[in-house]
Amino acid sequence: RLFDPAVIAAADPTKAAAAKLRAKVSSLWAAIASTGQAEVGRTACWSAILADEELAKLVGKGMPARGKQLLEVMKAMRGLDVNGDDAIDAEEFARLYLPANLAAAEEAVNTGLAPAYLFALRTKVESMWKVIGFRGEVERIECWDFVLADAELASIMGKG
């Protein structure tokens with residue numbers, strides 16, 4: 001029983017909360033993709049995610065309103081649709097419980113970054129990468145020169 005995952009989770013509230021969140025995300029995906037689809041449209045996924053009060057409460061660590069804020073930020077940052085195809089598969093959907101995604105959303109909410117700002121910033125950075133990153137990698141100085149010379153990015157960042 002010492003190595004029983006249920007016993008370990010019960011002894012560590014953080015692990016227990018993470019296990020509940022993983023289980024909720026898994027059950028929500030099963031409900032969304034109930035007809036056996038491999039992928040579901042991004043909009044349909046986010047409608048289901050944002051309508052789920054239990055998920056918001058789990059993401060917000062007992063505070064549904066906070067959870068809703070975090071989920072809205074994840075949506076704005078396109079935290080699930082990593083390949084940009086407007087469809088979400090089970091692996092992308094599971095990003096809802098990844099600690100790095102939750103931490104990034106927390107940081108954005110804590111610093112007061114608006115979802116619209118985050119979306120504009122991500123869109124700009126992605127378009128810049130298409131121009132400079134076509135080789136798959138970029139030399140550090142060349143990349144910084146490119147970033148610092150972009151007036152639109154500076155404006156988005158509040159420096160323009």
# chains A, B, ... in the order shown; residues from 1 in each chain; ligands from 1
call {"tool": "residues_around", "arguments": {"residues": "Leu118 (chain A)", "least_positions_apart": "4", "cutoff": "12 Å", "atoms": "only C-alpha atoms", "output": "list of chain:residue names"}}
result
A:Glu72, A:Val73, A:Met74, A:Lys75, A:Ala76, A:Met77, A:Arg78, A:Gly79, A:Ala104, A:Ala105, A:Glu107, A:Ala108, A:Val109, A:Thr111, A:Gly112, A:Leu113, A:Ala114, A:Arg122, A:Thr123, A:Lys124, A:Val125, A:Ile156, A:Met157
call {"tool": "residues_around", "arguments": {"residues": "region 86-102 of chain A", "least_positions_apart": "5", "cutoff": "8 Å", "atoms": "only C-alpha atoms", "output": "PyMOL selection string"}}
result
chain A and resi 18+21-22+25-26+29+38-43+45+59+70+74+79-81
call {"tool": "residues_around", "arguments": {"residues": "Arg66 (chain A)", "least_positions_apart": "5", "cutoff": "9 Å", "atoms": "only C-alpha atoms", "output": "PyMOL selection string"}}
result
chain A and resi 56-57+59-61+71+109
call {"tool": "atom_distance", "arguments": {"atom1": "CA of Ile132 (chain A)", "atom2": "CA of Ala116 (chain A)"}}
result
24.5 Å
call {"tool": "closest_residue", "arguments": {"among": "A:Ala31, A:Lys130, A:Gln69, A:Asp150", "to": "Asn110 (chain A)", "atoms": "only C-alpha atoms"}}
result
A:Gln69
call {"tool": "atom_distance", "arguments": {"atom1": "CA of Ile49 (chain A)", "atom2": "CA of Leu28 (chain A)"}}
result
7.9 Å
call {"tool": "atom_distance", "arguments": {"atom1": "CA of Asp145 (chain A)", "atom2": "CA of Val131 (chain A)"}}
result
13.4 Å
call {"tool": "select_by_dssp", "arguments": {"residues": "chain A", "states": "alpha helix (DSSP H)", "output": "ChimeraX atom specification"}}
result
/A:5-11,13-32,42-51,53-59,64-76,90-93,99-110,115-132,140-148,151-156
call {"tool": "decode", "arguments": {"residues": "region 91-158 of chain A", "atoms": "C-alpha atoms", "output": "tab-separated table (two decimals), in the first residue's frame"}}
result
chain	number	residue	atom	x	y	z
A	91	GLU	CA	-3.19	14.86	-27.08
A	92	GLU	CA	-3.73	18.58	-27.62
A	93	PHE	CA	-6.79	18.53	-25.36
A	94	ALA	CA	-4.69	17.01	-22.57
A	95	ARG	CA	-2.62	20.22	-22.56
A	96	LEU	CA	-5.39	21.60	-20.30
A	97	TYR	CA	-3.71	19.96	-17.33
A	98	LEU	CA	-0.03	20.44	-18.20
A	99	PRO	CA	1.68	22.34	-15.37
A	100	ALA	CA	3.56	24.62	-17.82
A	101	ASN	CA	0.30	25.71	-19.50
A	102	LEU	CA	-1.41	26.28	-16.17
A	103	ALA	CA	1.60	28.27	-14.92
A	104	ALA	CA	1.68	30.43	-18.07
A	105	ALA	CA	-2.03	31.18	-17.70
A	106	GLU	CA	-1.52	31.99	-14.00
A	107	GLU	CA	1.31	34.38	-14.85
A	108	ALA	CA	-0.79	36.11	-17.51
A	109	VAL	CA	-3.74	36.55	-15.15
A	110	ASN	CA	-1.51	37.64	-12.24
A	111	THR	CA	0.14	40.32	-14.37
A	112	GLY	CA	-3.18	41.50	-15.81
A	113	LEU	CA	-2.47	40.57	-19.43
A	114	ALA	CA	-5.71	40.64	-21.40
A	115	PRO	CA	-6.57	37.64	-23.58
A	116	ALA	CA	-6.85	39.92	-26.64
A	117	TYR	CA	-3.32	41.19	-26.02
A	118	LEU	CA	-1.99	37.65	-25.69
A	119	PHE	CA	-3.70	36.63	-28.92
A	120	ALA	CA	-2.28	39.64	-30.80
A	121	LEU	CA	1.19	38.93	-29.45
A	122	ARG	CA	1.07	35.24	-30.34
A	123	THR	CA	-0.26	35.98	-33.83
A	124	LYS	CA	2.53	38.51	-34.45
A	125	VAL	CA	5.27	36.21	-33.16
A	126	GLU	CA	3.99	33.32	-35.27
A	127	SER	CA	3.93	35.51	-38.40
A	128	MET	CA	7.48	36.68	-37.65
A	129	TRP	CA	8.68	33.10	-37.26
A	130	LYS	CA	7.26	32.23	-40.69
A	131	VAL	CA	9.52	34.92	-42.14
A	132	ILE	CA	12.73	34.22	-40.25
A	133	GLY	CA	12.32	30.64	-39.04
A	134	PHE	CA	11.86	28.98	-42.41
A	135	ARG	CA	15.24	27.27	-41.94
A	136	GLY	CA	14.09	25.61	-38.71
A	137	GLU	CA	16.53	27.55	-36.55
A	138	VAL	CA	17.98	31.05	-36.42
A	139	GLU	CA	21.28	32.33	-35.08
A	140	ARG	CA	20.73	34.20	-31.80
A	141	ILE	CA	22.03	37.64	-32.86
A	142	GLU	CA	20.21	37.51	-36.20
A	143	CYS	CA	17.00	36.64	-34.35
A	144	TRP	CA	17.36	39.51	-31.87
A	145	ASP	CA	18.13	41.96	-34.66
A	146	PHE	CA	14.95	40.84	-36.41
A	147	VAL	CA	12.85	41.10	-33.23
A	148	LEU	CA	14.19	44.50	-32.19
A	149	ALA	CA	13.70	45.97	-35.67
A	150	ASP	CA	9.98	45.10	-35.82
A	151	ALA	CA	7.90	48.24	-35.11
A	152	GLU	CA	4.62	46.33	-34.99
A	153	LEU	CA	5.95	43.96	-32.31
A	154	ALA	CA	7.27	46.94	-30.33
A	155	SER	CA	3.84	48.54	-30.54
A	156	ILE	CA	2.13	45.38	-29.32
A	157	MET	CA	4.63	45.09	-26.48
A	158	GLY	CA	3.82	48.70	-25.47
